[in-house]
>>> print(open('coords.csv').read())   # CSV, C-alpha atoms and all ligand atoms
chain,number,residue,atom,x,y,z
T,1,MET,CA,0.0,0.0,0.0
T,2,PHE,CA,1.2,3.5,-0.7
T,3,THR,CA,-0.5,6.8,-0.7
T,4,VAL,CA,-0.3,9.1,-3.6
T,5,GLN,CA,0.1,12.7,-2.5
T,6,ARG,CA,-2.7,14.9,-3.8
T,7,TYR,CA,-1.8,17.7,-6.2
T,8,ARG,CA,-1.7,21.0,-4.4
T,9,GLY,CA,-1.1,24.1,-6.5
T,10,ARG,CA,-1.3,27.8,-5.6
T,11,ILE,CA,-1.8,31.2,-7.0
T,12,ALA,CA,0.0,33.9,-5.1
T,13,PRO,CA,-0.8,37.4,-6.2
T,14,SER,CA,0.4,40.6,-4.4
T,15,PRO,CA,-2.2,43.3,-3.9
T,16,THR,CA,-0.1,46.2,-5.3
T,17,GLY,CA,-2.5,47.0,-8.1
T,18,TYR,CA,-5.2,45.6,-10.3
T,19,LEU,CA,-4.4,42.2,-11.9
T,20,HIS,CA,-4.0,42.3,-15.6
T,21,LEU,CA,-4.4,39.8,-18.4
T,22,GLY,CA,-0.9,38.3,-17.9
T,23,HIS,CA,-1.7,37.4,-14.3
T,24,ALA,CA,-5.0,36.0,-15.3
T,25,ARG,CA,-3.5,33.7,-17.8
T,26,THR,CA,-0.8,32.4,-15.5
T,27,PHE,CA,-3.4,31.9,-12.7
T,28,TRP,CA,-5.7,30.2,-15.2
T,29,ARG,CA,-2.9,27.8,-16.1
T,30,ALA,CA,-2.5,27.1,-12.4
T,31,PHE,CA,-6.2,26.5,-12.0
T,32,GLU,CA,-6.3,24.2,-15.0
T,33,ARG,CA,-3.4,22.2,-13.8
T,34,ALA,CA,-4.9,21.7,-10.4
T,35,ARG,CA,-8.2,20.7,-12.0
T,36,GLU,CA,-6.5,18.3,-14.5
T,37,HIS,CA,-4.8,16.6,-11.5
T,38,ASP,CA,-8.0,16.5,-9.5
T,39,GLY,CA,-6.1,18.6,-7.0
T,40,VAL,CA,-6.5,21.6,-4.7
T,41,LEU,CA,-5.8,25.2,-5.6
T,42,VAL,CA,-4.7,27.5,-2.8
T,43,PHE,CA,-5.0,31.3,-3.0
T,44,ARG,CA,-2.2,33.0,-1.0
T,45,ASN,CA,-2.3,36.7,-0.5
T,46,GLU,CA,1.3,37.9,-0.7
T,47,ASP,CA,0.8,41.2,1.2
T,48,LEU,CA,4.0,41.5,3.1
T,49,ASP,CA,5.1,44.8,1.7
T,50,SER,CA,2.8,47.2,3.6
T,51,GLN,CA,4.3,50.2,1.7
T,52,ARG,CA,3.1,48.8,-1.6
T,53,CYS,CA,0.0,46.6,-0.7
T,54,ARG,CA,-3.4,48.1,-0.3
T,55,SER,CA,-6.5,46.4,1.1
T,56,GLU,CA,-8.8,47.6,-1.8
T,57,PHE,CA,-6.6,45.6,-4.1
T,58,VAL,CA,-7.0,42.5,-2.0
T,59,ASN,CA,-10.8,42.5,-2.5
T,60,ALA,CA,-10.3,43.3,-6.2
T,61,MET,CA,-8.1,40.2,-6.6
T,62,PHE,CA,-10.8,37.9,-5.3
T,63,GLU,CA,-13.5,39.6,-7.3
T,64,ASP,CA,-11.6,39.9,-10.6
T,65,LEU,CA,-10.2,36.3,-10.5
T,66,ARG,CA,-13.7,34.9,-9.7
T,67,TRP,CA,-15.2,36.9,-12.5
T,68,TYR,CA,-12.5,35.5,-14.8
T,69,GLY,CA,-13.6,32.0,-13.8
T,70,ILE,CA,-10.9,30.8,-11.4
T,71,GLU,CA,-11.9,28.8,-8.4
T,72,TRP,CA,-9.8,28.0,-5.3
T,73,GLN,CA,-10.5,25.6,-2.5
T,74,GLU,CA,-8.4,27.3,0.2
T,75,GLY,CA,-7.6,30.9,0.7
T,76,PRO,CA,-8.1,34.0,2.9
T,77,ASP,CA,-11.7,34.4,1.9
T,78,VAL,CA,-12.7,30.7,2.2
T,79,GLY,CA,-10.3,29.4,4.9
T,80,GLY,CA,-8.8,26.0,5.0
T,81,PRO,CA,-6.5,23.7,6.9
T,82,PHE,CA,-3.3,25.7,6.4
T,83,ALA,CA,-4.7,29.1,7.4
T,84,PRO,CA,-3.8,32.0,7.7
T,85,TYR,CA,-3.5,32.5,3.9
T,86,ALA,CA,-2.3,36.1,4.0
T,87,GLN,CA,1.5,36.5,4.4
T,88,SER,CA,1.0,39.5,6.7
T,89,GLU,CA,-0.4,37.1,9.3
T,90,ARG,CA,2.3,34.5,9.0
T,91,ARG,CA,5.3,36.3,10.5
T,92,SER,CA,6.0,33.6,13.1
T,93,PHE,CA,6.6,31.0,10.4
T,94,TYR,CA,9.2,33.2,8.7
T,95,LEU,CA,10.8,34.0,12.0
T,96,ASP,CA,11.2,30.3,12.8
T,97,ALA,CA,12.9,29.9,9.4
T,98,TRP,CA,15.2,32.9,10.0
T,99,ASN,CA,16.2,31.5,13.3
T,100,LYS,CA,17.1,28.1,11.8
T,101,LEU,CA,19.1,29.7,9.0
T,102,LEU,CA,20.9,31.9,11.5
T,103,ARG,CA,21.7,29.0,13.9
T,104,GLU,CA,23.0,26.9,11.0
T,105,GLY,CA,25.2,29.6,9.6
T,106,TRP,CA,23.4,30.1,6.2
T,107,ILE,CA,22.8,33.8,6.5
T,108,TYR,CA,24.7,37.0,7.5
T,109,PRO,CA,23.7,40.6,8.2
T,110,CYS,CA,24.5,43.1,5.5
T,111,SER,CA,24.6,46.8,6.1
T,112,CYS,CA,25.5,47.9,2.6
T,113,SER,CA,23.3,50.8,1.7
T,114,ARG,CA,21.4,50.9,-1.6
T,115,LYS,CA,23.7,53.8,-2.7
T,116,GLU,CA,26.9,51.8,-1.9
T,117,LEU,CA,25.6,48.9,-3.8
T,118,ALA,CA,24.5,50.9,-6.8
T,119,GLN,CA,28.2,52.0,-7.2
T,120,VAL,CA,29.7,48.5,-7.2
T,121,VAL,CA,27.2,45.9,-8.3
T,122,SER,CA,26.5,44.7,-11.8
T,123,ALA,CA,23.1,45.4,-13.2
T,124,PRO,CA,20.3,43.0,-12.4
T,125,HIS,CA,19.5,40.4,-15.1
T,126,ASP,CA,16.0,41.9,-15.6
T,127,ASP,CA,14.0,44.6,-14.0
T,128,GLN,CA,12.4,42.3,-11.5
T,129,ASP,CA,15.6,40.7,-10.3
T,130,GLU,CA,18.0,41.9,-7.5
T,131,PRO,CA,21.5,42.9,-8.5
T,132,LEU,CA,24.5,40.5,-8.0
T,133,TYR,CA,25.8,41.3,-4.5
T,134,PRO,CA,29.6,41.8,-4.5
T,135,GLY,CA,30.0,40.0,-1.1
T,136,THR,CA,31.2,43.0,1.0
T,137,CYS,CA,29.6,41.7,4.2
T,138,ARG,CA,29.9,38.0,3.4
T,139,ASP,CA,32.3,37.1,6.2
T,140,ARG,CA,30.5,39.0,9.0
T,141,ARG,CA,29.7,37.1,12.1
T,142,ALA,CA,26.0,36.7,12.6
T,143,THR,CA,24.6,37.2,16.1
T,144,ALA,CA,21.3,38.7,16.7
T,145,ALA,CA,18.1,37.9,18.6
T,146,THR,CA,15.8,39.4,16.0
T,147,PRO,CA,16.2,40.4,12.4
T,148,GLY,CA,15.5,44.0,11.3
T,149,GLY,CA,17.8,47.0,11.0
T,150,VAL,CA,20.0,45.3,8.5
T,151,ASN,CA,19.5,43.2,5.4
T,152,TRP,CA,20.0,39.4,6.0
T,153,ARG,CA,21.5,37.6,3.0
T,154,PHE,CA,21.8,34.0,2.2
T,155,ARG,CA,25.3,32.9,1.4
T,156,VAL,CA,25.1,31.0,-2.0
T,157,PRO,CA,27.5,28.2,-2.8
T,158,VAL,CA,29.6,30.1,-5.4
T,159,GLY,CA,30.2,28.1,-8.6
T,160,GLU,CA,27.6,25.4,-7.9
T,161,ARG,CA,25.0,24.7,-10.6
T,162,ILE,CA,21.4,24.6,-9.5
T,163,GLU,CA,19.3,22.5,-11.9
T,164,PHE,CA,15.7,21.7,-12.1
T,165,GLU,CA,13.4,20.2,-14.7
T,166,ASP,CA,10.7,22.7,-15.5
T,167,ARG,CA,7.4,21.0,-16.5
T,168,ARG,CA,7.0,23.3,-19.5
T,169,MET,CA,10.4,24.5,-20.3
T,170,GLY,CA,12.6,21.4,-19.6
T,171,LEU,CA,15.9,21.5,-17.9
T,172,GLN,CA,17.0,24.8,-16.3
T,173,SER,CA,20.4,25.4,-15.0
T,174,PHE,CA,21.8,28.4,-13.1
T,175,GLU,CA,25.2,29.0,-11.5
T,176,ALA,CA,25.3,30.4,-8.0
T,177,GLY,CA,27.5,33.4,-7.7
T,178,ARG,CA,27.2,34.2,-11.4
T,179,ASP,CA,23.5,34.1,-12.3
T,180,PHE,CA,22.5,35.3,-8.9
T,181,GLY,CA,24.5,36.3,-5.8
T,182,ASP,CA,23.9,36.3,-2.1
T,183,PHE,CA,20.3,37.3,-1.9
T,184,VAL,CA,18.2,39.1,0.7
T,185,ILE,CA,16.0,36.9,2.8
T,186,TRP,CA,15.0,39.5,5.4
T,187,ARG,CA,14.8,43.2,4.7
T,188,ARG,CA,16.3,46.0,6.8
T,189,ASP,CA,12.7,47.4,7.3
T,190,ASP,CA,12.0,44.1,9.1
T,191,VAL,CA,9.9,42.5,6.4
T,192,PRO,CA,10.7,38.9,5.4
T,193,ALA,CA,11.9,39.0,1.7
T,194,TYR,CA,9.9,37.4,-1.0
T,195,GLN,CA,12.3,34.4,-1.5
T,196,LEU,CA,12.1,33.3,2.1
T,197,ALA,CA,8.3,33.9,2.5
T,198,VAL,CA,7.5,31.9,-0.6
T,199,VAL,CA,9.7,28.9,0.4
T,200,VAL,CA,8.3,28.8,3.9
T,201,ASP,CA,4.7,29.0,2.7
T,202,ASP,CA,5.0,26.6,-0.2
T,203,ALA,CA,6.4,24.1,2.3
T,204,ALA,CA,3.9,24.8,5.1
T,205,MET,CA,1.0,24.6,2.7
T,206,GLN,CA,2.3,21.4,1.2
T,207,ILE,CA,2.4,22.8,-2.4
T,208,SER,CA,3.3,20.0,-4.8
T,209,GLU,CA,3.6,22.2,-8.0
T,210,VAL,CA,4.3,25.9,-8.4
T,211,VAL,CA,2.9,27.5,-11.5
T,212,ARG,CA,4.1,31.0,-12.1
T,213,GLY,CA,5.6,33.3,-14.7
T,214,GLU,CA,9.0,32.6,-16.3
T,215,ASP,CA,10.3,35.9,-14.9
T,216,LEU,CA,10.8,33.9,-11.7
T,217,LEU,CA,13.0,31.1,-13.1
T,218,ARG,CA,16.1,32.5,-11.5
T,219,SER,CA,14.2,32.9,-8.2
T,220,THR,CA,13.4,29.3,-8.4
T,221,ALA,CA,17.1,28.5,-8.3
T,222,ARG,CA,17.5,30.6,-5.2
T,223,GLN,CA,14.5,29.1,-3.6
T,224,ILE,CA,15.8,25.5,-4.2
T,225,LEU,CA,18.9,26.5,-2.2
T,226,LEU,CA,16.7,27.8,0.6
T,227,GLN,CA,14.6,24.6,0.5
T,228,ARG,CA,17.8,22.6,1.0
T,229,ALA,CA,19.0,24.7,3.8
T,230,LEU,CA,15.7,24.6,5.6
T,231,GLY,CA,15.3,20.8,4.9
T,232,VAL,CA,11.9,21.1,3.1
T,233,PRO,CA,10.9,19.4,-0.1
T,234,THR,CA,11.3,21.0,-3.5
T,235,PRO,CA,8.0,21.1,-5.4
T,236,ASP,CA,7.6,20.7,-9.1
T,237,TYR,CA,7.8,23.8,-11.2
T,238,TYR,CA,5.9,25.0,-14.2
T,239,HIS,CA,6.8,28.4,-15.5
T,240,CYS,CA,4.4,30.1,-17.9
T,241,GLU,CA,5.2,32.3,-20.8
T,242,LEU,CA,4.9,36.0,-20.1
T,243,MET,CA,2.6,38.2,-22.0
T,244,VAL,CA,3.8,41.3,-23.7
T,245,ASP,CA,2.1,44.4,-25.0
T,246,ASP,CA,2.0,45.6,-28.6
T,247,LYS,CA,5.5,47.1,-28.1
T,248,GLY,CA,6.9,43.9,-26.8
T,249,VAL,CA,7.0,45.2,-23.2
T,250,ARG,CA,6.0,42.7,-20.5
T,251,LEU,CA,2.7,43.5,-19.0
T,252,ALA,CA,2.9,45.1,-15.6
T,253,LYS,CA,0.3,46.6,-13.2
T,254,ARG,CA,0.9,49.9,-14.8
T,255,HIS,CA,-0.9,48.6,-17.9
T,256,ASP,CA,-4.3,49.7,-16.6
T,257,ALA,CA,-6.0,49.3,-20.0
T,258,LEU,CA,-5.3,45.6,-19.8
T,259,SER,CA,-6.4,45.1,-16.2
T,260,LEU,CA,-9.2,42.6,-15.7
T,261,ARG,CA,-11.2,45.4,-14.0
T,262,THR,CA,-11.0,47.7,-17.0
T,263,LEU,CA,-11.9,45.0,-19.5
T,264,ARG,CA,-14.8,44.0,-17.4
T,265,GLU,CA,-16.0,47.5,-17.1
T,266,GLN,CA,-15.7,47.9,-20.8
T,267,GLY,CA,-18.2,45.1,-21.2
T,268,PHE,CA,-16.0,42.2,-22.2
T,269,SER,CA,-17.2,38.8,-21.0
T,270,PRO,CA,-14.8,36.4,-19.1
T,271,GLU,CA,-15.2,34.1,-22.1
T,272,GLN,CA,-14.0,36.7,-24.5
T,273,VAL,CA,-11.1,37.6,-22.3
T,274,ARG,CA,-10.1,34.0,-21.8
T,275,ALA,CA,-10.4,33.3,-25.5
T,276,THR,CA,-7.3,35.3,-26.2
T,277,GLY,CA,-5.4,32.0,-25.7
T,278,TYR,CA,-1.9,31.4,-24.5
T,279,ARG,CA,0.1,32.7,-27.4
T,280,ASN,CA,2.6,35.4,-26.4
T,281,PHE,CA,1.1,37.7,-28.9
T,282,ALA,CA,1.1,41.5,-29.1
T,283,VAL,CA,-1.9,42.5,-27.1
T,284,ASN,CA,-4.2,44.8,-28.9
T,285,GLN,CA,-7.5,45.4,-27.2
T,286,THR,CA,-9.4,45.8,-30.4
T,287,LYS,CA,-8.5,42.1,-31.1
T,288,LEU,CA,-10.1,40.9,-27.9
I,301,LIG,N1,3.7,37.3,-5.3
I,301,LIG,C1,4.5,37.1,-6.4
I,301,LIG,C2,4.1,38.0,-7.5
I,301,LIG,O1,3.0,38.6,-7.5
I,301,LIG,C3,4.3,35.7,-7.0
I,301,LIG,C4,5.3,34.8,-6.4
I,301,LIG,C5,5.3,33.4,-6.8
I,301,LIG,O2,4.4,32.9,-7.6
I,301,LIG,O3,6.1,32.7,-6.3
I,301,LIG,O4,4.9,38.2,-8.4
>>> encode(input="coords.csv", output="structure tokens", more="lines below")
Ligand code: GLU
Amino acid sequence: MFTVQRYRGRIAPSPTGYLHLGHARTFWRAFERAREHDGVLVFRNEDLDSQRCRSEFVNAMFEDLRWYGIEWQEGPDVGGPFAPYAQSERRSFYLDAWNKLLREGWIYPCSCSRKELAQVVSAPHDDQDEPLYPGTCRDRRATAATPGGVNWRFRVPVGERIEFEDRRMGLQSFEAGRDFGDFVIWRRDDVPAYQLAVVVDDAAMQISEVVRGEDLLRSTARQILLQRALGVPTPDYYHCELMVDDKGVRLAKRHDALSLRTLREQGFSPEQVRATGYRNFAVNQTKL
């Protein structure tokens, strides 16, 4: 006898603006994959950054994604066995992980200012990614009872290749220290960084497959290192193609014209919006 683990997927938007067509497609893929596997879809509200997140966008995320046709079985609005599902309510989980990483020597405090870094670091690989850290504080001894006040960085194994088989894109391979450097896991303003929060939550919520945009491929390599350090399983990964606008620029929350909300207000039906398919085509509203 053996038990087959049930597929558990997730969608993890941040309430920093209205969701656009690109988000909707990625989340639709996540929804489809959970459905195809007869699994569960978890909605996680990634609202850690209180400077950028707004509560009106939280409600809009639920409303707009439901309108689009996505259904989830666990989430902030429906509850579930792994609650709470909003990251702002999960600080104790992240603190436990920070403590473990500190105790086991994986992380160090970094007091380099943004200005100092801007002078020495190489440019990030794309506009979402953090720049390659030059290692200035790498050998600092780490003693602290609480994080906050400095950035905490994960010491990556320089020269090691991190590989994973993406379910859509095949084998992916990144070199630590070259494709990404020591990355921030806890921010100086005392907010757990994205990389740490995601790894902790995906493990705690027993996510078996992560479906998200391919802009996060390099982050996946970082997250695999964190999973190893924390001793938690690595889920499967499926990175979706990103959507671009008619000038070839990746959609962002500033593309208000392509937000689900705007399209809905303009009278498009969810079926019409969904029918735009998965091609990475130049978005032109008149074609919808
Ligand atoms: N909250 C992240 C975002 O909105 C998604 C993170 C993820 O899927 O891992 O970009």
>>> residues_near_ligand(input="coords.csv", ligand="ligand LIG 301 (chain I)", cutoff="6 Å", atoms="only C-alpha atoms and all ligand atoms", output="PDB file with C-alpha atoms, keeping the file's coordinate frame")
ATOM      1  CA  ALA T  12       0.000  33.900  -5.100  1.00  0.00           C
ATOM      2  CA  PRO T  13      -0.800  37.400  -6.200  1.00  0.00           C
ATOM      3  CA  SER T  14       0.400  40.600  -4.400  1.00  0.00           C
ATOM      4  CA  GLU T  46       1.300  37.900  -0.700  1.00  0.00           C
ATOM      5  CA  VAL T 198       7.500  31.900  -0.600  1.00  0.00           C
ATOM      6  CA  ARG T 212       4.100  31.000 -12.100  1.00  0.00           C
TER       7      ARG T 212
END
>>> residues_around(input="coords.csv", residues="Leu95 of chain T", least_positions_apart="6", cutoff="12 Å", atoms="all atoms listed in the file", output="list of chain:residue names")
T:Glu89, T:Leu101, T:Leu102, T:Ala145, T:Thr146, T:Pro147, T:Gly148, T:Ile185, T:Trp186, T:Asp190, T:Val191, T:Pro192, T:Ala193, T:Leu196, T:Ala197, T:Val200
>>> closest_atom_pairs(input="coords.csv", of="segment 52-134 of chain T", to="segment 154-178 of chain T", cutoff="10 Å", atoms="only C-alpha atoms", output="Markdown table")
| residue | atom | partner | partner_atom | distance |
| --- | --- | --- | --- | --- |
| T:Leu101 | CA | T:Phe154 | CA | 8.5 |
| T:Leu102 | CA | T:Phe154 | CA | 9.6 |
| T:Gly105 | CA | T:Arg155 | CA | 8.8 |
| T:Trp106 | CA | T:Phe154 | CA | 5.8 |
| T:Ile107 | CA | T:Phe154 | CA | 4.4 |
| T:Tyr108 | CA | T:Phe154 | CA | 6.7 |
| T:Pro109 | CA | T:Phe154 | CA | 9.1 |
| T:Leu132 | CA | T:Arg178 | CA | 7.7 |
| T:Tyr133 | CA | T:Gly177 | CA | 8.7 |
| T:Pro134 | CA | T:Gly177 | CA | 9.2 |
>>> atom_distance(input="coords.csv", atom1="atom CA of Glu56 of chain T", atom2="atom CA of Val273 of chain T")
22.9 Å
>>> closest_atom_pairs(input="coords.csv", of="segment 180-214 of chain T", to="segment 225-247 of chain T", cutoff="9 Å", atoms="all atoms listed in the file", output="tab-separated table")
residue	atom	partner	partner_atom	distance
T:Gln195	CA	T:Leu226	CA	8.2
T:Leu196	CA	T:Leu226	CA	7.3
T:Val199	CA	T:Gln227	CA	6.5
T:Val200	CA	T:Gln227	CA	8.3
T:Asp202	CA	T:Pro235	CA	8.1
T:Ala203	CA	T:Val232	CA	6.3
T:Gln206	CA	T:Pro235	CA	8.7
T:Ile207	CA	T:Pro235	CA	6.6
T:Ser208	CA	T:Pro235	CA	4.9
T:Glu209	CA	T:Asp236	CA	4.4
T:Val210	CA	T:Tyr237	CA	4.9
T:Val211	CA	T:Tyr238	CA	4.7
T:Arg212	CA	T:His239	CA	5.1
T:Gly213	CA	T:Cys240	CA	4.7
T:Glu214	CA	T:His239	CA	4.8
>>> atom_distance(input="coords.csv", atom1="atom CA of Asp38 of chain T", atom2="atom CA of Arg8 of chain T")
9.3 Å
>>> residues_around(input="coords.csv", residues="His37 of chain T", least_positions_apart="6", cutoff="12 Å", atoms="only C-alpha atoms", output="VMD selection string")
chain T and resid 4 to 9 30 to 31 208 to 209
>>> write_last_selection(input="coords.csv", atoms="C-alpha atoms", output="compact mmCIF listing (two decimals), in the frame of the given file")
# COMPACT_ATOMS: atom_id res chain seq x y z
CA VAL T 4 -0.30 9.10 -3.60
CA GLN T 5 0.10 12.70 -2.50
CA ARG T 6 -2.70 14.90 -3.80
CA TYR T 7 -1.80 17.70 -6.20
CA ARG T 8 -1.70 21.00 -4.40
CA GLY T 9 -1.10 24.10 -6.50
CA ALA T 30 -2.50 27.10 -12.40
CA PHE T 31 -6.20 26.50 -12.00
CA SER T 208 3.30 20.00 -4.80
CA GLU T 209 3.60 22.20 -8.00
>>> closest_residue(input="coords.csv", among="T:Arg25, T:Arg274, T:Arg141, T:His20", to="Arg261 of chain T", atoms="all atoms listed in the file")
T:His20
>>> atom_distance(input="coords.csv", atom1="atom CA of Gln272 of chain T", atom2="atom CA of Asp215 of chain T")
26.1 Å
>>> residues_around(input="coords.csv", residues="Phe62 of chain T", least_positions_apart="6", cutoff="12 Å", atoms="only C-alpha atoms", output="PyMOL selection string")
chain T and resi 11-15+18-19+24+43-45+55-56+68-72+75-78+260-261
>>> residues_near_point(input="coords.csv", point="(-6.5, 49.0, -18.6)", cutoff="12 Å", atoms="all atoms listed in the file", output="list of chain:residue names")
T:Gly17, T:Tyr18, T:Leu19, T:His20, T:Leu21, T:Asp245, T:Leu251, T:Ala252, T:Lys253, T:Arg254, T:His255, T:Asp256, T:Ala257, T:Leu258, T:Ser259, T:Leu260, T:Arg261, T:Thr262, T:Leu263, T:Arg264, T:Glu265, T:Gln266, T:Val283, T:Asn284, T:Gln285
>>> closest_residue(input="coords.csv", among="T:Ala97, T:Arg188, T:Gln51, T:Arg140", to="Arg114 of chain T", atoms="only C-alpha atoms")
T:Arg188
>>> residues_near_point(input="coords.csv", point="(16.8, 32.1, -9.7)", cutoff="9 Å", atoms="all atoms listed in the file", output="JSON, numbers by chain")
{"T": [129, 162, 174, 176, 179, 180, 216, 217, 218, 219, 220, 221, 222, 223, 224]}
>>> closest_residue(input="coords.csv", among="T:Asp201, T:Glu104, T:Glu74, T:Asp182", to="Pro131 of chain T", atoms="all atoms listed in the file")
T:Asp182
>>> decode(input="coords.csv", residues="segment 192-242 of chain T", atoms="C-alpha atoms", output="compact mmCIF listing (two decimals), in the first residue's frame")
# COMPACT_ATOMS: atom_id res chain seq x y z
CA PRO T 192 10.72 38.94 5.37
CA ALA T 193 11.87 38.99 1.75
CA TYR T 194 9.88 37.35 -1.04
CA GLN T 195 12.32 34.43 -1.46
CA LEU T 196 12.06 33.32 2.15
CA ALA T 197 8.33 33.87 2.53
CA VAL T 198 7.52 31.87 -0.59
CA VAL T 199 9.70 28.92 0.36
CA VAL T 200 8.33 28.80 3.89
CA ASP T 201 4.72 29.04 2.73
CA ASP T 202 4.98 26.61 -0.17
CA ALA T 203 6.41 24.06 2.27
CA ALA T 204 3.94 24.77 5.08
CA MET T 205 0.99 24.64 2.69
CA GLN T 206 2.33 21.40 1.15
CA ILE T 207 2.36 22.79 -2.37
CA SER T 208 3.31 20.03 -4.80
CA GLU T 209 3.61 22.16 -7.95
CA VAL T 210 4.33 25.86 -8.36
CA VAL T 211 2.89 27.46 -11.50
CA ARG T 212 4.10 31.02 -12.13
CA GLY T 213 5.62 33.35 -14.70
CA GLU T 214 8.97 32.63 -16.30
CA ASP T 215 10.35 35.90 -14.93
CA LEU T 216 10.80 33.91 -11.72
CA LEU T 217 13.03 31.13 -13.11
CA ARG T 218 16.13 32.54 -11.48
CA SER T 219 14.24 32.95 -8.23
CA THR T 220 13.35 29.28 -8.39
CA ALA T 221 17.07 28.45 -8.32
CA ARG T 222 17.49 30.64 -5.23
CA GLN T 223 14.45 29.06 -3.62
CA ILE T 224 15.82 25.55 -4.20
CA LEU T 225 18.91 26.54 -2.20
CA LEU T 226 16.70 27.82 0.60
CA GLN T 227 14.63 24.61 0.54
CA ARG T 228 17.81 22.57 0.97
CA ALA T 229 19.01 24.75 3.82
CA LEU T 230 15.65 24.55 5.58
CA GLY T 231 15.30 20.83 4.92
CA VAL T 232 11.95 21.09 3.13
CA PRO T 233 10.94 19.37 -0.12
CA THR T 234 11.32 21.01 -3.52
CA PRO T 235 7.99 21.10 -5.36
CA ASP T 236 7.63 20.66 -9.12
CA TYR T 237 7.80 23.83 -11.20
CA TYR T 238 5.88 24.98 -14.24
CA HIS T 239 6.84 28.43 -15.49
CA CYS T 240 4.43 30.11 -17.88
CA GLU T 241 5.23 32.26 -20.83
CA LEU T 242 4.87 35.97 -20.09
